[in-house]
file work_12.tsv (TSV, C-alpha atoms)
chain	number	residue	atom	x	y	z
A	1	MET	CA	10.48	-5.39	6.32
A	2	ILE	CA	13.70	-4.42	8.08
A	3	HIS	CA	15.32	-1.12	7.10
A	4	PHE	CA	18.98	-0.58	7.95
A	5	PRO	CA	20.67	2.81	8.32
A	6	ALA	CA	21.55	4.28	4.93
A	7	GLN	CA	25.29	4.08	4.28
A	8	ARG	CA	25.37	5.51	0.80
A	9	ARG	CA	23.19	6.40	-2.20
A	10	GLY	CA	20.25	4.03	-2.64
A	11	PRO	CA	20.04	1.54	-5.52
A	12	LEU	CA	17.04	3.32	-7.07
A	13	SER	CA	18.99	6.57	-7.24
A	14	ALA	CA	21.99	4.80	-8.76
A	15	LEU	CA	19.74	3.07	-11.30
A	16	SER	CA	18.11	6.37	-12.29
A	17	LEU	CA	21.49	8.03	-12.85
A	18	ARG	CA	22.73	5.15	-15.00
A	19	LEU	CA	19.52	5.12	-17.03
A	20	ALA	CA	19.83	8.85	-17.63
A	21	ALA	CA	23.46	8.40	-18.69
A	22	ALA	CA	22.52	5.60	-21.11
A	23	LEU	CA	19.72	7.64	-22.68
A	24	GLY	CA	21.99	10.66	-22.94
A	25	LEU	CA	24.59	8.58	-24.73
A	26	VAL	CA	21.96	7.26	-27.17
A	27	PHE	CA	20.62	10.74	-28.02
A	28	LEU	CA	24.12	12.14	-28.45
A	29	SER	CA	25.03	9.27	-30.78
A	30	VAL	CA	21.85	9.82	-32.79
A	31	ALA	CA	22.76	13.49	-33.20
A	32	VAL	CA	26.26	12.57	-34.42
A	33	VAL	CA	24.93	10.03	-36.95
A	34	TYR	CA	22.12	12.29	-38.13
A	35	PHE	CA	24.59	15.13	-38.73
A	36	ASP	CA	26.57	12.87	-41.09
A	37	ARG	CA	23.60	10.86	-42.43
A	38	ASP	CA	24.75	11.26	-46.05
A	39	GLY	CA	27.71	8.98	-45.30
A	40	TYR	CA	25.50	5.97	-44.49
A	41	ARG	CA	23.75	3.58	-46.83
A	42	ASP	CA	20.52	1.76	-46.10
A	43	ALA	CA	20.41	-1.60	-47.90
A	44	TYR	CA	16.61	-1.67	-47.86
A	45	GLY	CA	15.68	2.00	-48.08
A	46	GLU	CA	16.46	5.24	-49.75
A	47	ASP	CA	19.29	7.63	-48.92
A	48	PRO	CA	19.74	9.76	-46.93
A	49	LEU	CA	18.78	8.28	-43.56
A	50	THR	CA	15.75	9.58	-41.69
A	51	LEU	CA	15.83	10.45	-38.00
A	52	LEU	CA	14.16	7.13	-37.22
A	53	ASP	CA	16.83	5.33	-39.26
A	54	CYS	CA	19.50	7.08	-37.17
A	55	PHE	CA	17.83	5.97	-33.96
A	56	TYR	CA	17.62	2.43	-35.31
A	57	TYR	CA	21.26	2.36	-36.35
A	58	VAL	CA	22.51	3.77	-33.03
A	59	VAL	CA	20.46	1.35	-30.91
A	60	VAL	CA	21.54	-1.77	-32.80
A	61	SER	CA	25.14	-0.55	-32.87
A	62	LEU	CA	25.41	0.30	-29.18
A	63	SER	CA	23.72	-2.94	-28.18
A	64	THR	CA	26.26	-4.83	-30.38
A	65	THR	CA	23.42	-6.39	-32.43
A	66	GLY	CA	24.59	-4.99	-35.78
A	67	TYR	CA	22.20	-6.30	-38.43
A	68	GLY	CA	24.27	-4.73	-41.21
A	69	ASP	CA	21.33	-3.23	-43.08
A	70	ILE	CA	22.68	0.30	-42.47
A	71	THR	CA	26.42	0.73	-43.00
A	72	PRO	CA	28.86	3.66	-43.06
A	73	VAL	CA	30.22	4.10	-46.57
A	74	SER	CA	31.99	7.46	-46.54
A	75	GLU	CA	35.38	7.98	-44.89
A	76	THR	CA	33.91	10.53	-42.52
A	77	ALA	CA	31.19	8.14	-41.34
A	78	ARG	CA	33.71	5.33	-40.85
A	79	LEU	CA	36.02	7.66	-38.92
A	80	VAL	CA	33.11	8.63	-36.68
A	81	ASN	CA	32.40	4.94	-36.06
A	82	VAL	CA	36.03	4.30	-35.12
A	83	LEU	CA	36.50	7.34	-32.89
A	84	TYR	CA	33.02	7.68	-31.38
A	85	ILE	CA	30.52	4.85	-32.00
A	86	THR	CA	32.88	2.06	-30.91
A	87	PRO	CA	33.93	3.79	-27.61
A	88	ALA	CA	30.26	4.73	-27.05
A	89	ARG	CA	29.34	1.04	-27.46
A	90	VAL	CA	31.85	0.08	-24.77
A	91	ILE	CA	30.61	2.82	-22.43
A	92	PHE	CA	27.00	1.76	-23.04
A	93	LEU	CA	27.80	-1.84	-22.09
A	94	ILE	CA	29.66	-0.68	-18.98
A	95	ILE	CA	26.59	1.31	-17.92
A	96	LEU	CA	24.28	-1.69	-18.39
A	97	VAL	CA	26.60	-4.17	-16.67
A	98	GLY	CA	27.37	-1.69	-13.90
A	99	THR	CA	23.67	-1.21	-13.19
A	100	THR	CA	23.12	-4.96	-12.91
A	101	LEU	CA	26.13	-5.36	-10.64
A	102	GLU	CA	24.97	-2.42	-8.52
A	103	VAL	CA	21.56	-3.98	-7.87
A	104	LEU	CA	22.96	-7.45	-7.21
A	105	THR	CA	25.67	-6.09	-4.92
A	106	GLU	CA	23.13	-4.04	-2.97
A	107	GLN	CA	20.92	-7.10	-2.49
A	108	TYR	CA	23.92	-9.14	-1.37
A	109	ARG	CA	25.05	-6.50	1.10
A	110	THR	CA	21.54	-6.13	2.52
A	111	GLY	CA	21.29	-9.89	2.98
A	112	ARG	CA	24.65	-10.04	4.74
A	113	ARG	CA	23.78	-7.11	7.02
A	114	LEU	CA	20.48	-8.77	7.90
A	115	ASN	CA	22.15	-12.10	8.74
A	116	ARG	CA	24.86	-10.39	10.79
A	117	TRP	CA	22.33	-8.23	12.62
A	118	GLU	CA	20.10	-11.20	13.50
A	119	LYS	CA	23.10	-12.99	15.02
A	120	ILE	CA	24.24	-10.15	17.27
A	121	VAL	CA	20.96	-8.45	18.26
A	122	LYS	CA	20.42	-9.05	21.98
A	123	ASP	CA	19.66	-7.00	25.09
A	124	HIS	CA	18.40	-4.23	22.83
A	125	VAL	CA	15.63	-1.68	23.33
A	126	ILE	CA	12.62	-1.71	21.01
A	127	ILE	CA	10.90	1.63	20.38
A	128	CYS	CA	7.32	1.16	19.18
A	129	GLY	CA	6.50	4.42	17.43
A	130	TYR	CA	8.94	7.04	16.19
A	131	GLY	CA	6.90	10.17	16.74
A	132	THR	CA	7.74	12.96	19.17
A	133	LYS	CA	7.74	10.63	22.19
A	134	GLY	CA	9.68	7.92	20.41
A	135	ARG	CA	12.38	10.31	19.18
A	136	SER	CA	12.72	11.81	22.66
A	137	ALA	CA	13.08	8.33	24.14
A	138	VAL	CA	15.81	7.49	21.63
A	139	SER	CA	17.63	10.73	22.43
A	140	ALA	CA	17.52	9.94	26.15
A	141	LEU	CA	18.86	6.43	25.56
A	142	LEU	CA	21.72	7.72	23.44
A	143	GLU	CA	22.56	10.44	25.96
A	144	ASN	CA	22.81	7.76	28.64
A	145	GLY	CA	25.39	5.82	26.67
A	146	LEU	CA	23.31	3.22	24.81
A	147	ASP	CA	24.78	2.38	21.41
A	148	LYS	CA	22.65	2.96	18.31
A	149	SER	CA	23.07	-0.67	17.28
A	150	ARG	CA	21.08	-1.69	20.38
A	151	ILE	CA	18.03	0.38	19.45
A	152	VAL	CA	15.36	-0.99	17.11
A	153	VAL	CA	12.46	1.16	15.92
A	154	VAL	CA	9.11	-0.35	14.94
A	155	GLU	CA	7.08	2.05	12.82
A	156	ARG	CA	4.58	1.78	9.97
A	157	SER	CA	4.84	5.36	8.72
A	158	GLY	CA	7.15	5.81	5.73
A	159	PRO	CA	8.44	9.30	6.65
A	160	ALA	CA	9.10	8.21	10.24
A	161	LEU	CA	10.98	5.14	8.98
A	162	ARG	CA	13.19	7.33	6.82
A	163	GLN	CA	13.87	9.61	9.79
A	164	ALA	CA	14.88	6.61	11.91
A	165	THR	CA	17.25	5.17	9.31
A	166	SER	CA	18.69	8.64	8.63
A	167	ALA	CA	19.44	8.85	12.35
A	168	GLY	CA	21.46	5.63	12.08
A	169	LEU	CA	18.86	3.30	13.61
A	170	VAL	CA	17.58	-0.07	12.49
A	171	ALA	CA	13.88	0.28	11.69
A	172	ILE	CA	11.24	-2.39	11.08
A	173	GLU	CA	8.28	-1.47	8.94
A	174	GLY	CA	4.93	-2.62	10.31
A	175	SER	CA	2.53	-2.34	13.21
A	176	ALA	CA	3.85	-3.19	16.65
A	177	THR	CA	0.48	-4.81	17.45
A	178	ARG	CA	1.40	-7.73	15.17
A	179	SER	CA	3.42	-10.56	16.62
A	180	VAL	CA	5.24	-11.23	13.33
A	181	VAL	CA	6.63	-7.67	13.35
A	182	LEU	CA	7.75	-7.93	16.97
A	183	ASN	CA	9.38	-11.28	16.24
A	184	GLN	CA	11.35	-9.58	13.44
A	185	ALA	CA	12.58	-7.16	16.12
A	186	HIS	CA	13.62	-10.17	18.26
A	187	VAL	CA	11.40	-9.07	21.13
A	188	ARG	CA	12.15	-12.21	23.17
A	189	SER	CA	15.82	-11.30	23.47
A	190	ALA	CA	15.18	-7.59	24.06
A	191	LYS	CA	16.06	-5.77	27.25
A	192	ALA	CA	13.03	-3.48	27.20
A	193	VAL	CA	10.16	-2.37	25.00
A	194	ILE	CA	9.15	1.30	24.99
A	195	ILE	CA	5.63	1.88	23.70
A	196	ALA	CA	5.28	5.39	22.28
A	197	THR	CA	2.32	5.08	19.95
A	198	ASP	CA	-0.11	7.87	19.09
A	199	SER	CA	-3.14	6.32	20.82
A	200	ASP	CA	-3.77	4.54	24.10
A	201	ASP	CA	-5.78	1.85	22.30
A	202	ALA	CA	-2.77	0.88	20.22
A	203	SER	CA	-0.52	1.00	23.29
A	204	VAL	CA	-2.76	-1.51	25.09
A	205	LEU	CA	-2.66	-3.89	22.11
A	206	VAL	CA	1.12	-3.58	21.85
A	207	ALA	CA	1.55	-4.27	25.57
A	208	LEU	CA	-0.69	-7.36	25.36
A	209	THR	CA	1.21	-8.66	22.33
A	210	VAL	CA	4.62	-8.13	23.93
A	211	ARG	CA	3.52	-9.79	27.17
A	212	GLN	CA	2.15	-12.78	25.25
A	213	LEU	CA	5.35	-13.20	23.22
A	214	THR	CA	7.77	-12.73	26.11
A	215	ALA	CA	5.75	-14.25	28.98
A	216	GLY	CA	6.38	-11.06	30.94
A	217	GLN	CA	10.17	-11.51	30.91
A	218	VAL	CA	10.86	-8.26	29.02
A	219	ARG	CA	10.32	-4.90	30.73
A	220	ILE	CA	7.57	-2.83	29.12
A	221	ILE	CA	7.43	0.94	29.48
A	222	ALA	CA	4.39	2.63	27.97
A	223	ALA	CA	3.24	6.20	27.46
A	224	ALA	CA	-0.43	7.03	28.00
A	225	ARG	CA	-2.24	10.13	26.87
A	226	GLU	CA	-4.97	9.87	29.51
A	227	ALA	CA	-4.51	9.00	33.17
A	228	GLU	CA	-7.60	6.79	33.19
A	229	ASN	CA	-5.89	4.40	30.74
A	230	ALA	CA	-2.82	3.88	32.93
A	231	PRO	CA	-4.38	1.04	35.03
A	232	LEU	CA	-5.49	-0.71	31.83
A	233	LEU	CA	-1.96	-0.53	30.43
A	234	LYS	CA	-0.55	-2.02	33.63
A	235	GLN	CA	-3.10	-4.82	33.48
A	236	SER	CA	-2.04	-5.41	29.89
A	237	GLY	CA	1.54	-6.05	30.96
A	238	ALA	CA	3.25	-2.65	31.17
A	239	HIS	CA	5.66	-2.42	34.11
A	240	HIS	CA	5.76	1.37	34.02
A	241	VAL	CA	3.23	3.82	32.59
A	242	ILE	CA	4.01	7.47	32.02
A	243	VAL	CA	0.97	9.71	31.60
A	244	SER	CA	2.07	12.49	29.28
A	245	SER	CA	-0.96	14.73	29.72
A	246	ALA	CA	-0.87	14.54	33.53
A	247	THR	CA	2.86	15.20	33.63
A	248	ALA	CA	2.51	18.20	31.35
A	249	GLY	CA	-0.37	19.48	33.48
A	250	ARG	CA	1.65	19.27	36.67
A	251	LEU	CA	4.51	21.16	35.08
A	252	LEU	CA	2.10	23.82	33.86
A	253	GLY	CA	0.73	24.15	37.38
A	254	LEU	CA	4.21	24.44	38.87
A	255	SER	CA	5.10	27.13	36.36
A	256	THR	CA	2.38	29.27	37.91
A	257	SER	CA	2.81	28.53	41.62
A	258	ALA	CA	6.58	27.93	41.74
A	259	PRO	CA	8.29	28.98	38.48
A	260	PRO	CA	11.87	28.14	39.61
A	261	LEU	CA	10.88	24.48	40.04
A	262	ILE	CA	10.32	24.25	36.29
A	263	ASP	CA	13.95	25.24	35.71
A	264	VAL	CA	15.08	22.59	38.19
A	265	VAL	CA	13.01	19.87	36.53
A	266	GLU	CA	14.23	20.82	33.05
A	267	ASP	CA	17.81	20.85	34.35
A	268	LEU	CA	17.40	17.36	35.80
A	269	LEU	CA	15.87	16.00	32.59
A	270	THR	CA	18.32	17.67	30.19
A	271	PRO	CA	21.76	16.00	30.12
A	272	GLY	CA	24.79	18.24	30.07
A	273	GLN	CA	23.01	21.29	31.51
A	274	GLY	CA	24.02	21.06	35.17
A	275	MET	CA	22.25	18.42	37.23
A	276	ALA	CA	21.10	14.96	36.18
A	277	LEU	CA	19.34	12.07	37.86
A	278	ALA	CA	21.39	8.88	38.09
A	279	MET	CA	21.28	5.51	39.81
A	280	ARG	CA	24.03	3.23	41.03
A	281	SER	CA	24.49	0.22	43.28
A	282	ALA	CA	25.35	0.80	46.91
A	283	GLU	CA	28.99	0.09	47.69
A	284	ARG	CA	29.98	-2.30	50.45
A	285	SER	CA	31.45	0.52	52.50
A	286	GLU	CA	28.13	2.40	52.33
A	287	VAL	CA	26.00	-0.44	53.72
A	288	GLY	CA	24.73	0.40	57.20
A	289	LYS	CA	25.16	4.14	56.77
A	290	SER	CA	22.49	6.75	56.38
A	291	PRO	CA	22.03	8.04	52.81
A	292	ARG	CA	22.30	11.58	54.17
A	293	GLU	CA	25.87	10.90	55.36
A	294	LEU	CA	27.22	10.23	51.87
A	295	GLU	CA	28.98	12.83	49.77
A	296	THR	CA	26.63	11.90	46.93
A	297	LEU	CA	23.29	13.69	47.08
A	298	VAL	CA	20.97	10.68	47.47
A	299	ILE	CA	17.25	11.41	47.09
A	300	ALA	CA	15.79	7.88	47.22
A	301	LEU	CA	16.61	4.18	47.47
A	302	VAL	CA	15.42	1.33	45.28
A	303	ARG	CA	15.08	-1.80	47.39
A	304	ARG	CA	13.89	-5.05	45.84
A	305	GLY	CA	12.29	-3.17	42.99
A	306	LYS	CA	10.42	-0.65	45.14
A	307	VAL	CA	11.26	3.01	45.70
A	308	VAL	CA	12.02	3.94	49.32
A	309	THR	CA	12.14	7.64	50.14
A	310	LEU	CA	14.50	9.04	52.73
A	311	ALA	CA	11.49	10.19	54.76
A	312	ASP	CA	10.50	6.56	55.33
A	313	ARG	CA	11.90	4.72	58.31
A	314	ALA	CA	13.14	1.98	55.97
A	315	GLY	CA	15.19	4.55	54.09
A	316	ALA	CA	17.20	5.65	57.09
A	317	VAL	CA	19.88	2.99	56.54
A	318	ILE	CA	21.39	1.60	53.35
A	319	GLU	CA	21.08	-2.17	53.01
A	320	THR	CA	22.93	-4.68	50.85
A	321	GLY	CA	21.57	-4.72	47.30
A	322	ASP	CA	20.10	-1.22	47.45
A	323	MET	CA	20.25	1.07	44.44
A	324	LEU	CA	20.96	4.72	45.17
A	325	VAL	CA	19.04	7.35	43.22
A	326	HIS	CA	21.16	10.48	43.34
A	327	VAL	CA	21.75	13.82	41.66
A	328	ARG	CA	25.07	14.12	39.89
A	329	ASP	CA	26.89	17.04	38.39
A	330	ASP	CA	26.38	16.75	34.65
A	331	ARG	CA	28.12	19.88	33.42
A	332	PRO	CA	30.54	19.24	30.52
A	333	THR	CA	33.45	20.76	32.45
A	334	ALA	CA	32.69	18.56	35.43
A	335	SER	CA	32.59	15.38	33.37
A	336	ALA	CA	35.81	16.34	31.61
A	337	THR	CA	37.71	16.93	34.84
A	338	ALA	CA	36.27	13.95	36.69
A	339	PRO	CA	38.89	11.27	37.48

call {"tool": "encode", "arguments": {"input": "work_12.tsv", "output": "structure tokens"}}
result
Amino acid sequence: MIHFPAQRRGPLSALSLRLAAALGLVFLSVAVVYFDRDGYRDAYGEDPLTLLDCFYYVVVSLSTTGYGDITPVSETARLVNVLYITPARVIFLIILVGTTLEVLTEQYRTGRRLNRWEKIVKDHVIICGYGTKGRSAVSALLENGLDKSRIVVVERSGPALRQATSAGLVAIEGSATRSVVLNQAHVRSAKAVIIATDSDDASVLVALTVRQLTAGQVRIIAAAREAENAPLLKQSGAHHVIVSSATAGRLLGLSTSAPPLIDVVEDLLTPGQGMALAMRSAERSEVGKSPRELETLVIALVRRGKVVTLADRAGAVIETGDMLVHVRDDRPTASATAP
């Protein structure tokens, strides 16, 4: 099931409010009739009316059934019918019709949004799992300029689904290990699939399913809890594997031996704080030059899909088609004053 970002109050909430309003109107009408019960005549019973008779009269009157077995005979009762019961009948019908229209309209809107979304979804990023890792991945994508409409979350947990839709994301309910769920996410037309499940076993199954559906044409990035499972994930089809436990362990070790390096790493990974890692294509005027000669602080080259460090002999000169990995100034004031 596909869940779209909530735009307004849900149909269940609207239905509950209308039901409460209808019941409130019925009870109020019963109280009015019961207060003036001596002004009504029951053709088949004894006067005055009982509380059940009042309920019966109000229900058949508001629903416009009107059997005629109980009728107002006094002037006061007839005046109450003219000034209160008749307007209450109209309001009651409006509540019932409005509820039906609300549900039908919501179904129609959902169907239209689904059809429109299926037509435009392309080159999107699928996030399998919306836990801590999945939410962090979404935040990083948004901070790098990716639009929310190009992010699709696959999650089977109800609370996580509600968090995703509350954040303005399209979420698909189900397990990412199932091909039917990934097909709902249009995995074949996706740009990348980020696997951020809670277990390495599930990550391997997701990677295998994605590779089978896409024939390896969609980039797969997976997170692994244990380093020993990283080779298995790569064999399953993942192009990149990030070992969360090993990365956290290295940072913990650096915090002891070289504490300032932790601040540098956090600065590089946190947008808007000062420094940020970025990548761009080499310009024609830069081809043939050394990366160290550029004004941009280049720390590595990506050549034909492989990382080339500046310490390597191959990284001494920039070639055509190279991608430059550099450190840019990411302070808000710097971005605001940049031409």

call {"tool": "closest_residue", "arguments": {"input": "work_12.tsv", "among": "A:Val60, A:Val181, A:Ala215, A:Ala190", "to": "Lys122 (chain A)", "atoms": "all atoms listed in the file"}}
result
A:Ala190

call {"tool": "atom_distance", "arguments": {"input": "work_12.tsv", "atom1": "CA of Val32 (chain A)", "atom2": "CA of Arg18 (chain A)"}}
result
21.1 Å

call {"tool": "closest_residue", "arguments": {"input": "work_12.tsv", "among": "A:Ala222, A:Gln235, A:Val210, A:Leu161", "to": "Arg178 (chain A)", "atoms": "only C-alpha atoms"}}
result
A:Val210

call {"tool": "residues_around", "arguments": {"input": "work_12.tsv", "residues": "Lys234 (chain A)", "least_positions_apart": "6", "cutoff": "9 Å", "atoms": "only C-alpha atoms", "output": "CSV table (one decimal) with C-alpha atoms, in the frame of the given file"}}
result
chain,number,residue,atom,x,y,z
A,204,VAL,CA,-2.8,-1.5,25.1
A,207,ALA,CA,1.6,-4.3,25.6
A,222,ALA,CA,4.4,2.6,28.0
A,240,HIS,CA,5.8,1.4,34.0
A,241,VAL,CA,3.2,3.8,32.6

call {"tool": "atom_distance", "arguments": {"input": "work_12.tsv", "atom1": "CA of Gly288 (chain A)", "atom2": "CA of Met275 (chain A)"}}
result
27.0 Å

call {"tool": "atom_distance", "arguments": {"input": "work_12.tsv", "atom1": "CA of Leu324 (chain A)", "atom2": "CA of Pro291 (chain A)"}}
result
8.4 Å

call {"tool": "residues_around", "arguments": {"input": "work_12.tsv", "residues": "region 123-129 of chain A", "least_positions_apart": "4", "cutoff": "7 Å", "atoms": "all atoms listed in the file", "output": "short mmCIF file (atom, residue, chain, number, x, y, z; two decimals) with C-alpha atoms, in the coordinates of the input"}}
result
data_model
loop_
_atom_site.label_atom_id
_atom_site.label_comp_id
_atom_site.auth_asym_id
_atom_site.auth_seq_id
_atom_site.Cartn_x
_atom_site.Cartn_y
_atom_site.Cartn_z
CA GLY A 134 9.68 7.92 20.41
CA ARG A 150 21.08 -1.69 20.38
CA ILE A 151 18.03 0.38 19.45
CA VAL A 152 15.36 -0.99 17.11
CA VAL A 153 12.46 1.16 15.92
CA VAL A 154 9.11 -0.35 14.94
CA GLU A 155 7.08 2.05 12.82
CA ALA A 176 3.85 -3.19 16.65
CA SER A 189 15.82 -11.30 23.47
CA ALA A 190 15.18 -7.59 24.06
CA LYS A 191 16.06 -5.77 27.25
CA ALA A 192 13.03 -3.48 27.20
CA VAL A 193 10.16 -2.37 25.00
CA ILE A 194 9.15 1.30 24.99
CA ILE A 195 5.63 1.88 23.70
CA ALA A 196 5.28 5.39 22.28
CA THR A 197 2.32 5.08 19.95
#

call {"tool": "residues_around", "arguments": {"input": "work_12.tsv", "residues": "Val59 (chain A)", "least_positions_apart": "3", "cutoff": "12 Å", "atoms": "only C-alpha atoms", "output": "list in words"}}
result
Ala22, Leu23, Leu25, Val26, Phe27, Leu28, Ser29, Val30, Val33, Leu52, Asp53, Cys54, Phe55, Tyr56, Leu62, Ser63, Thr64, Thr65, Gly66, Tyr67, Ile70, Ile85, Ala88, Arg89, Phe92 and Leu93 of chain A

call {"tool": "closest_residue", "arguments": {"input": "work_12.tsv", "among": "A:Asp42, A:Glu286, A:Asp330, A:Glu293", "to": "Gly274 (chain A)", "atoms": "all atoms listed in the file"}}
result
A:Asp330

call {"tool": "residues_around", "arguments": {"input": "work_12.tsv", "residues": "Arg225 (chain A)", "least_positions_apart": "5", "cutoff": "8 Å", "atoms": "all atoms listed in the file", "output": "NGL selection string"}}
result
:A and (199-200 or 243-245)

call {"tool": "closest_residue", "arguments": {"input": "work_12.tsv", "among": "A:Asp36, A:Asp312, A:Asp201, A:Glu319", "to": "Leu79 (chain A)", "atoms": "only C-alpha atoms"}}
result
A:Asp36

call {"tool": "residues_around", "arguments": {"input": "work_12.tsv", "residues": "Thr247 (chain A)", "least_positions_apart": "4", "cutoff": "12 Å", "atoms": "only C-alpha atoms", "output": "PDB file with C-alpha atoms, keeping the file's coordinate frame"}}
result
ATOM      1  CA  ALA A 223       3.240   6.200  27.460  1.00  0.00           C
ATOM      2  CA  ALA A 224      -0.430   7.030  28.000  1.00  0.00           C
ATOM      3  CA  ARG A 225      -2.240  10.130  26.870  1.00  0.00           C
ATOM      4  CA  GLU A 226      -4.970   9.870  29.510  1.00  0.00           C
ATOM      5  CA  ALA A 227      -4.510   9.000  33.170  1.00  0.00           C
ATOM      6  CA  VAL A 241       3.230   3.820  32.590  1.00  0.00           C
ATOM      7  CA  ILE A 242       4.010   7.470  32.020  1.00  0.00           C
ATOM      8  CA  VAL A 243       0.970   9.710  31.600  1.00  0.00           C
ATOM      9  CA  LEU A 251       4.510  21.160  35.080  1.00  0.00           C
ATOM     10  CA  LEU A 252       2.100  23.820  33.860  1.00  0.00           C
ATOM     11  CA  GLY A 253       0.730  24.150  37.380  1.00  0.00           C
ATOM     12  CA  LEU A 254       4.210  24.440  38.870  1.00  0.00           C
ATOM     13  CA  VAL A 265      13.010  19.870  36.530  1.00  0.00           C
TER      14      VAL A 265
END

call {"tool": "closest_residue", "arguments": {"input": "work_12.tsv", "among": "A:Ser255, A:Arg116, A:Ala160, A:Asp147", "to": "Thr132 (chain A)", "atoms": "all atoms listed in the file"}}
result
A:Ala160

call {"tool": "decode", "arguments": {"input": "work_12.tsv", "residues": "region 293-305 of chain A", "atoms": "N, CA, C and O atoms", "output": "PDB file, in the first residue's frame"}}
result
ATOM      1  N   GLU A 293      47.479  22.549  -7.794  1.00  0.00           N
ATOM      2  CA  GLU A 293      47.610  23.892  -8.323  1.00  0.00           C
ATOM      3  C   GLU A 293      46.286  24.657  -8.322  1.00  0.00           C
ATOM      4  O   GLU A 293      46.279  25.881  -8.508  1.00  0.00           O
ATOM      5  N   LEU A 294      45.194  23.967  -8.138  1.00  0.00           N
ATOM      6  CA  LEU A 294      43.888  24.613  -8.217  1.00  0.00           C
ATOM      7  C   LEU A 294      43.588  25.384  -6.941  1.00  0.00           C
ATOM      8  O   LEU A 294      44.104  25.075  -5.859  1.00  0.00           O
ATOM      9  N   GLU A 295      42.740  26.401  -7.098  1.00  0.00           N
ATOM     10  CA  GLU A 295      42.302  27.154  -5.922  1.00  0.00           C
ATOM     11  C   GLU A 295      41.406  26.290  -5.027  1.00  0.00           C
ATOM     12  O   GLU A 295      41.401  26.446  -3.811  1.00  0.00           O
ATOM     13  N   THR A 296      40.667  25.378  -5.639  1.00  0.00           N
ATOM     14  CA  THR A 296      39.835  24.457  -4.879  1.00  0.00           C
ATOM     15  C   THR A 296      40.717  23.441  -4.159  1.00  0.00           C
ATOM     16  O   THR A 296      41.688  22.940  -4.724  1.00  0.00           O
ATOM     17  N   LEU A 297      40.390  23.153  -2.923  1.00  0.00           N
ATOM     18  CA  LEU A 297      41.147  22.184  -2.141  1.00  0.00           C
ATOM     19  C   LEU A 297      40.709  20.777  -2.535  1.00  0.00           C
ATOM     20  O   LEU A 297      39.743  20.220  -2.005  1.00  0.00           O
ATOM     21  N   VAL A 298      41.434  20.187  -3.507  1.00  0.00           N
ATOM     22  CA  VAL A 298      41.118  18.853  -4.008  1.00  0.00           C
ATOM     23  C   VAL A 298      41.837  17.822  -3.140  1.00  0.00           C
ATOM     24  O   VAL A 298      43.034  17.947  -2.875  1.00  0.00           O
ATOM     25  N   ILE A 299      41.093  16.791  -2.703  1.00  0.00           N
ATOM     26  CA  ILE A 299      41.699  15.756  -1.861  1.00  0.00           C
ATOM     27  C   ILE A 299      41.769  14.403  -2.555  1.00  0.00           C
ATOM     28  O   ILE A 299      42.480  13.505  -2.097  1.00  0.00           O
ATOM     29  N   ALA A 300      41.054  14.240  -3.679  1.00  0.00           N
ATOM     30  CA  ALA A 300      41.104  12.971  -4.407  1.00  0.00           C
ATOM     31  C   ALA A 300      40.470  13.161  -5.781  1.00  0.00           C
ATOM     32  O   ALA A 300      39.761  14.153  -6.027  1.00  0.00           O
ATOM     33  N   LEU A 301      40.729  12.211  -6.666  1.00  0.00           N
ATOM     34  CA  LEU A 301      40.123  12.184  -7.992  1.00  0.00           C
ATOM     35  C   LEU A 301      39.328  10.896  -8.144  1.00  0.00           C
ATOM     36  O   LEU A 301      39.686   9.863  -7.563  1.00  0.00           O
ATOM     37  N   VAL A 302      38.251  10.981  -8.900  1.00  0.00           N
ATOM     38  CA  VAL A 302      37.498   9.779  -9.260  1.00  0.00           C
ATOM     39  C   VAL A 302      37.642   9.604 -10.763  1.00  0.00           C
ATOM     40  O   VAL A 302      37.147  10.412 -11.544  1.00  0.00           O
ATOM     41  N   ARG A 303      38.350   8.533 -11.149  1.00  0.00           N
ATOM     42  CA  ARG A 303      38.659   8.305 -12.560  1.00  0.00           C
ATOM     43  C   ARG A 303      38.107   6.947 -12.977  1.00  0.00           C
ATOM     44  O   ARG A 303      38.491   5.910 -12.441  1.00  0.00           O
ATOM     45  N   ARG A 304      37.157   6.987 -13.911  1.00  0.00           N
ATOM     46  CA  ARG A 304      36.517   5.765 -14.399  1.00  0.00           C
ATOM     47  C   ARG A 304      35.961   4.914 -13.260  1.00  0.00           C
ATOM     48  O   ARG A 304      36.122   3.690 -13.210  1.00  0.00           O
ATOM     49  N   GLY A 305      35.352   5.602 -12.305  1.00  0.00           N
ATOM     50  CA  GLY A 305      34.685   4.922 -11.207  1.00  0.00           C
ATOM     51  C   GLY A 305      35.576   4.503 -10.065  1.00  0.00           C
ATOM     52  O   GLY A 305      35.084   3.936  -9.084  1.00  0.00           O
TER      53      GLY A 305
END
